[in-house]
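Shown next: protein-v8.tsv, given as TSV, C-alpha atoms and all ligand atoms.
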chain	number	residue	atom	x	y	z
S	150	MET	CA	-13.20	7.31	-9.00
S	151	ILE	CA	-12.08	9.71	-6.29
S	152	ILE	CA	-8.42	9.54	-5.19
S	153	LYS	CA	-7.16	11.53	-2.21
S	154	LYS	CA	-3.62	11.46	-0.89
S	155	LEU	CA	-2.39	12.38	2.56
S	156	VAL	CA	1.31	12.44	3.39
S	157	VAL	CA	1.57	11.15	6.96
S	158	GLY	CA	4.16	10.59	9.65
S	159	PRO	CA	7.89	11.26	10.02
S	160	LEU	CA	8.77	9.03	7.05
S	161	GLU	CA	6.27	10.91	4.86
S	162	SER	CA	4.25	7.91	3.79
S	163	ASN	CA	1.53	8.34	1.19
S	164	CYS	CA	-1.85	7.26	2.50
S	165	TYR	CA	-4.33	6.94	-0.39
S	166	ILE	CA	-8.06	7.09	0.02
S	167	ILE	CA	-9.88	5.74	-3.01
S	168	ALA	CA	-13.65	6.00	-3.24
S	169	ASP	CA	-16.32	5.05	-5.72
S	170	GLU	CA	-18.09	8.27	-6.63
S	171	ILE	CA	-21.58	6.78	-6.72
S	172	THR	CA	-21.67	4.44	-3.73
S	173	LYS	CA	-18.98	6.27	-1.69
S	174	GLU	CA	-17.55	2.87	-0.82
S	175	THR	CA	-13.93	3.49	0.09
S	176	LEU	CA	-10.56	1.86	0.34
S	177	VAL	CA	-7.93	3.30	2.68
S	178	ILE	CA	-4.44	2.29	1.62
S	179	ASP	CA	-1.50	2.37	4.04
S	180	PRO	CA	-2.76	4.46	6.96
S	181	GLY	CA	0.74	4.87	8.37
S	182	ASP	CA	0.21	7.64	10.91
S	183	GLU	CA	-1.89	10.71	11.75
S	184	PRO	CA	-5.26	8.90	12.08
S	185	ASP	CA	-7.10	12.14	12.94
S	186	ARG	CA	-6.26	13.70	9.58
S	187	ILE	CA	-7.25	10.53	7.74
S	188	LEU	CA	-10.56	10.25	9.61
S	189	GLU	CA	-11.33	13.92	9.11
S	190	LEU	CA	-10.95	13.53	5.36
S	191	ILE	CA	-13.13	10.41	5.42
S	192	ASN	CA	-15.85	12.07	7.47
S	193	GLU	CA	-15.98	15.35	5.62
S	194	ASN	CA	-16.45	13.50	2.32
S	195	GLY	CA	-19.01	11.05	3.65
S	196	PHE	CA	-16.83	8.10	2.65
S	197	LYS	CA	-17.85	4.61	3.76
S	198	VAL	CA	-14.65	2.71	4.38
S	199	LYS	CA	-14.99	-0.93	3.36
S	200	TYR	CA	-11.36	-2.02	3.43
S	201	ILE	CA	-8.04	-0.96	4.92
S	202	PHE	CA	-5.44	-2.28	2.51
S	203	CYS	CA	-1.81	-2.58	3.63
S	204	THR	CA	0.66	-2.82	0.75
S	205	HIS	CA	2.98	-4.28	3.38
S	206	ALA	CA	3.36	-4.19	7.16
S	207	HIS	CA	6.24	-1.82	7.82
S	208	LEU	CA	5.36	0.56	10.60
S	209	ASP	CA	5.20	3.64	8.36
S	210	HIS	CA	2.33	1.97	6.45
S	211	ILE	CA	0.30	0.48	9.30
S	212	GLY	CA	0.76	2.86	12.26
S	213	ALA	CA	-2.84	4.13	12.12
S	214	VAL	CA	-4.54	0.85	11.19
S	215	ILE	CA	-5.87	0.41	14.73
S	216	ASP	CA	-7.57	3.82	14.82
S	217	ILE	CA	-9.07	3.56	11.34
S	218	LYS	CA	-10.37	0.07	12.08
S	219	GLU	CA	-11.89	1.22	15.36
S	220	ALA	CA	-13.53	4.27	13.85
S	221	THR	CA	-14.88	2.70	10.65
S	222	GLY	CA	-15.15	-1.05	11.28
S	223	ALA	CA	-13.51	-1.62	7.89
S	224	LYS	CA	-11.87	-4.94	7.10
S	225	ILE	CA	-8.07	-5.12	7.21
S	226	VAL	CA	-6.65	-6.66	4.06
S	227	ILE	CA	-3.06	-7.83	3.70
S	228	HIS	CA	-1.11	-10.44	1.75
S	229	GLN	CA	-0.78	-13.82	3.43
S	230	ASP	CA	3.04	-13.75	3.18
S	231	GLU	CA	3.18	-10.54	5.23
S	232	GLN	CA	1.78	-12.10	8.41
S	233	VAL	CA	5.13	-12.43	10.20
S	234	ILE	CA	5.99	-8.77	9.64
S	235	TYR	CA	2.47	-7.69	10.62
S	236	LYS	CA	2.64	-9.72	13.81
S	237	GLY	CA	6.03	-8.22	14.62
S	238	ALA	CA	4.74	-4.65	14.28
S	239	ARG	CA	5.09	-3.87	17.97
S	240	GLU	CA	8.73	-4.93	17.96
S	241	GLN	CA	9.30	-2.88	14.82
S	242	ALA	CA	7.76	0.08	16.61
S	243	ALA	CA	9.94	-0.44	19.66
S	244	THR	CA	13.12	-0.34	17.57
S	245	TRP	CA	11.96	3.04	16.21
S	246	GLY	CA	11.24	4.20	19.77
S	247	TYR	CA	7.44	4.02	19.46
S	248	GLU	CA	4.86	2.25	21.53
S	249	LEU	CA	2.17	0.59	19.46
S	250	ASP	CA	-0.99	-1.04	20.78
S	251	PRO	CA	-1.47	-4.63	19.62
S	252	LEU	CA	-2.77	-4.65	16.06
S	253	PRO	CA	-6.13	-6.23	15.32
S	254	GLU	CA	-5.96	-9.51	13.40
S	255	PRO	CA	-6.26	-8.98	9.65
S	256	ASP	CA	-9.74	-9.83	8.37
S	257	ILE	CA	-8.74	-10.93	4.89
S	258	PHE	CA	-5.52	-12.49	3.65
S	259	ILE	CA	-5.15	-11.92	-0.05
S	260	SER	CA	-2.98	-13.53	-2.68
S	261	ASP	CA	-1.90	-12.75	-6.21
S	262	GLU	CA	-4.69	-11.97	-8.72
S	263	ASN	CA	-7.39	-11.50	-6.06
S	264	ILE	CA	-9.74	-8.64	-6.87
S	265	VAL	CA	-10.54	-5.87	-4.39
S	266	GLU	CA	-13.93	-4.33	-5.17
S	267	ILE	CA	-15.04	-0.90	-4.02
S	268	GLY	CA	-18.46	-0.01	-5.39
S	269	ASN	CA	-18.03	-0.23	-9.14
S	270	LEU	CA	-14.24	-0.12	-8.99
S	271	LYS	CA	-12.12	-3.23	-9.37
S	272	LEU	CA	-8.44	-3.44	-8.43
S	273	GLU	CA	-6.31	-6.53	-8.93
S	274	VAL	CA	-3.71	-7.67	-6.40
S	275	PHE	CA	-0.18	-8.15	-7.71
S	276	HIS	CA	2.04	-9.93	-5.21
S	277	THR	CA	5.35	-8.10	-5.60
S	278	PRO	CA	7.83	-9.40	-3.01
S	279	GLY	CA	11.34	-8.00	-2.70
S	280	HIS	CA	11.03	-5.06	-0.35
S	281	SER	CA	9.05	-7.29	2.01
S	282	PRO	CA	7.80	-10.88	1.60
S	283	GLY	CA	4.12	-10.09	1.20
S	284	GLY	CA	4.45	-6.73	-0.50
S	285	SER	CA	1.53	-6.17	-2.86
S	286	CYS	CA	0.44	-3.67	-5.47
S	287	LEU	CA	-3.09	-2.88	-6.60
S	288	TYR	CA	-3.73	-2.44	-10.30
S	289	GLY	CA	-6.79	-1.28	-12.20
S	290	GLU	CA	-8.81	1.75	-13.33
S	291	GLY	CA	-5.63	3.14	-14.94
S	292	ILE	CA	-3.65	3.28	-11.71
S	293	LEU	CA	-1.05	1.18	-9.93
S	294	ILE	CA	-0.61	1.49	-6.17
S	295	THR	CA	2.95	0.33	-5.49
S	296	GLY	CA	3.68	0.72	-1.75
S	297	ASP	CA	7.45	0.54	-1.28
S	298	THR	CA	8.02	-1.80	-4.25
S	299	LEU	CA	8.35	0.98	-6.83
S	300	PHE	CA	8.92	4.72	-6.48
S	301	ALA	CA	9.35	7.49	-9.05
S	302	GLY	CA	12.95	6.86	-10.19
S	303	SER	CA	13.77	4.07	-7.74
S	304	VAL	CA	12.61	1.01	-5.80
S	305	GLY	CA	12.28	0.02	-2.14
S	306	ARG	CA	15.25	-1.15	-0.07
S	307	THR	CA	15.86	-4.87	0.26
S	308	ASP	CA	17.93	-4.83	3.45
S	309	PHE	CA	15.04	-5.11	5.91
S	310	TYR	CA	13.92	-8.46	7.33
S	311	GLY	CA	12.48	-10.57	4.51
S	312	GLY	CA	13.86	-8.36	1.74
S	313	ASP	CA	15.18	-10.07	-1.38
S	314	ILE	CA	16.77	-8.30	-4.34
S	315	GLU	CA	16.22	-11.18	-6.77
S	316	LYS	CA	12.52	-11.19	-5.99
S	317	LEU	CA	12.40	-7.43	-6.32
S	318	LYS	CA	13.93	-7.71	-9.81
S	319	LYS	CA	11.14	-10.06	-10.86
S	320	SER	CA	8.45	-7.89	-9.29
S	321	PHE	CA	9.90	-4.82	-11.01
S	322	LYS	CA	9.92	-6.57	-14.38
S	323	ARG	CA	6.30	-7.56	-13.98
S	324	LEU	CA	5.26	-3.98	-13.21
S	325	MET	CA	7.26	-2.68	-16.18
S	326	SER	CA	5.22	-4.94	-18.47
S	327	LEU	CA	2.10	-2.85	-17.79
S	328	PRO	CA	1.01	-0.21	-20.33
S	329	ASP	CA	3.02	3.05	-20.43
S	330	LYS	CA	0.07	5.25	-19.57
S	331	VAL	CA	-0.65	3.57	-16.21
S	332	LYS	CA	-0.30	6.08	-13.39
S	333	ILE	CA	1.91	4.99	-10.48
S	334	LEU	CA	0.92	5.97	-6.93
S	335	PRO	CA	3.87	5.00	-4.72
S	336	GLY	CA	4.18	4.63	-0.96
S	337	HIS	CA	6.52	7.61	-0.71
S	338	GLY	CA	7.27	10.57	-2.95
S	339	PRO	CA	5.66	11.82	-6.14
S	340	GLU	CA	3.51	10.04	-8.72
S	341	SER	CA	4.88	8.69	-11.97
S	342	THR	CA	3.82	6.56	-14.91
S	343	ILE	CA	4.99	3.18	-16.16
S	344	GLY	CA	6.23	4.92	-19.34
S	345	LYS	CA	8.44	7.30	-17.38
S	346	GLU	CA	9.85	4.54	-15.18
S	347	LYS	CA	10.65	2.39	-18.23
S	348	GLU	CA	12.87	5.24	-19.41
S	349	SER	CA	14.49	6.48	-16.24
S	350	ASN	CA	14.21	4.20	-13.19
S	351	PHE	CA	17.71	3.51	-11.81
S	352	PHE	CA	16.76	-0.11	-11.12
S	353	LEU	CA	16.67	-0.79	-14.89
S	354	LYS	CA	20.47	-0.87	-14.75
S	355	ILE	CA	20.65	-3.44	-11.93
P	1	ZN	ZN	8.45	-0.52	3.63
P	2	ZN	ZN	7.53	2.92	3.58

Could you spell out this file's structure in structure tokens?
Ligand SMILES: [Zn+2]
Ligand SMILES: [Zn+2]
Amino acid sequence: MIIKKLVVGPLESNCYIIADEITKETLVIDPGDEPDRILELINENGFKVKYIFCTHAHLDHIGAVIDIKEATGAKIVIHQDEQVIYKGAREQAATWGYELDPLPEPDIFISDENIVEIGNLKLEVFHTPGHSPGGSCLYGEGILITGDTLFAGSVGRTDFYGGDIEKLKKSFKRLMSLPDKVKILPGHGPESTIGKEKESNFFLKI
């Protein structure tokens, strides 16, 4: 498995590019901004992008979806409960002072326990609402992609539209039940592990 990370945009979102070494089939997770850098990395590695996976539809995670879709023809994958936020992306952008072209319709709506396959790699969808209604993590191959649900030392805010602290508590608990050695790749900031977060995440006290 090849994992590349690009930190993109003013909110420093982590865009992950995960490829199967043998087939070069590739998953682009949260292309939030800076499409040229993302596409350059894809092209120089000969990656074949099969899916664009959005952990959720906040602007800092979807800002470059249009460009990546246009350039690669990959399928856009997002949780079914995130449709309202995805459809409101242009309004979100306007409140941040951006203009965003209309987003293409998602190709695949996923739900909990669906499997995303990239070559020989298999990642399971965990629906983890709380930060946003259709927020989802991907788990498998020893890693957990958490979007804005879980960060090193903290969790995502719940004061945006559709946020819910009680749901976030449940989602957090579920993630903390995974094995200690699982590596966490969050939507912002540095990596961590489940073991570390079980010891030190501030949300344990809430
Ligand atoms: Zn977010
Ligand atoms: Zn974010």

task = Tell me, in Å to one decimal, how far atom CA of S:Asp185 is from atom CA of S:Val274.
result =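 Going from atom CA of S:Asp185 over to atom CA of S:Val274 covers 27.9 Å.
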
List every residue of chain S that has an atom at most 10 Å from any atom of ligand ZN 2 (chain P), giving for each one its closest atom pair and the distance in Å to one decimal, counting only C-alpha atoms and all ligand atoms, sorted by chain and then by ascending residue number, as a Markdown table.
| residue | atom | partner | partner_atom | distance |
| --- | --- | --- | --- | --- |
| S:Leu160 | CA | P:ZN2 | ZN | 7.1 |
| S:Glu161 | CA | P:ZN2 | ZN | 8.2 |
| S:Ser162 | CA | P:ZN2 | ZN | 6.0 |
| S:Asn163 | CA | P:ZN2 | ZN | 8.4 |
| S:Asp179 | CA | P:ZN2 | ZN | 9.1 |
| S:Gly181 | CA | P:ZN2 | ZN | 8.5 |
| S:Thr204 | CA | P:ZN2 | ZN | 9.4 |
| S:His205 | CA | P:ZN2 | ZN | 8.5 |
| S:Ala206 | CA | P:ZN2 | ZN | 9.0 |
| S:His207 | CA | P:ZN2 | ZN | 6.5 |
| S:Leu208 | CA | P:ZN2 | ZN | 7.7 |
| S:Asp209 | CA | P:ZN2 | ZN | 5.4 |
| S:His210 | CA | P:ZN2 | ZN | 6.0 |
| S:Ile211 | CA | P:ZN2 | ZN | 9.5 |
| S:His280 | CA | P:ZN2 | ZN | 9.6 |
| S:Gly296 | CA | P:ZN2 | ZN | 6.9 |
| S:Asp297 | CA | P:ZN2 | ZN | 5.4 |
| S:Thr298 | CA | P:ZN2 | ZN | 9.2 |
| S:Gly305 | CA | P:ZN2 | ZN | 8.0 |
| S:Arg306 | CA | P:ZN2 | ZN | 9.5 |
| S:Pro335 | CA | P:ZN2 | ZN | 9.3 |
| S:Gly336 | CA | P:ZN2 | ZN | 5.9 |
| S:His337 | CA | P:ZN2 | ZN | 6.4 |

message = With only C-alpha atoms as the counted atoms, please give the residues lying no more than 10 Å from S:Ser326, apart from itself and same-chain residues fewer than 4 positions off, as JSON, numbers by chain.
response = {"S": [321, 322, 343, 344, 347]}

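Using only C-alpha atoms and all ligand atoms for every distance, the candidate list S:Tyr235, S:Phe275, S:Phe352, S:Phe258 yields S:Tyr235 as the residue closest to ligand ZN 1 (chain P).
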
inquiry  = Measuring between all atoms listed in the file, which one of S:Ser281, S:Ile225, S:Ile264, S:Val156 shows the shortest distance to S:Val177?
reply    =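 The shortest atom-to-atom distance to S:Val177 comes from S:Ile225.
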
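Distance check against ligand ZN 1 (chain P) using all atoms listed in the file: of S:Val226, S:Leu353, S:Ile215, S:Cys203, the minimum falls on S:Cys203.
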
ask   = Using all atoms listed in the file, what residues lie at most 8 Å away from (11.4, -7.9, -5.8) (file coordinates), given as a count of residues only?
value = 15

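Using all atoms listed in the file, the nearest neighbour of ligand ZN 1 (chain P) within the list S:Thr342, S:Glu231, S:Ile292, S:Ser260 is S:Glu231.
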
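Straight-line separation from atom CA of S:Met150 to atom CA of S:Leu176: 11.1 Å.
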
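For the residues S:Glu340, S:Lys345, S:Ile234, S:Tyr288, ranking by smallest atom-to-atom distance to ligand ZN 1 (chain P) using only C-alpha atoms and all ligand atoms places S:Ile234 first.
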
Distance criterion (only C-alpha atoms and all ligand atoms): nearest to ligand ZN 1 (chain P) out of S:Val214, S:Leu299, S:Leu249, S:Ile355 =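 Under the stated criterion, the closest residue is S:Leu299.
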
inquiry  = Report, in Å with one decimal, the straight-line distance from atom CA of S:Cys164 to atom CA of S:Asp182.
reply    =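 Those two atoms sit 8.7 Å apart.
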
request  = Determine, counting all atoms listed in the file, which protein, DNA and RNA residues have an atom within 6 Å of an atom of stretch 188-197 of chain S; residues of the same chain fewer than 6 positions away are not included. Present the result as a VMD selection string.
outcome  = chain S and resid 173 to 175
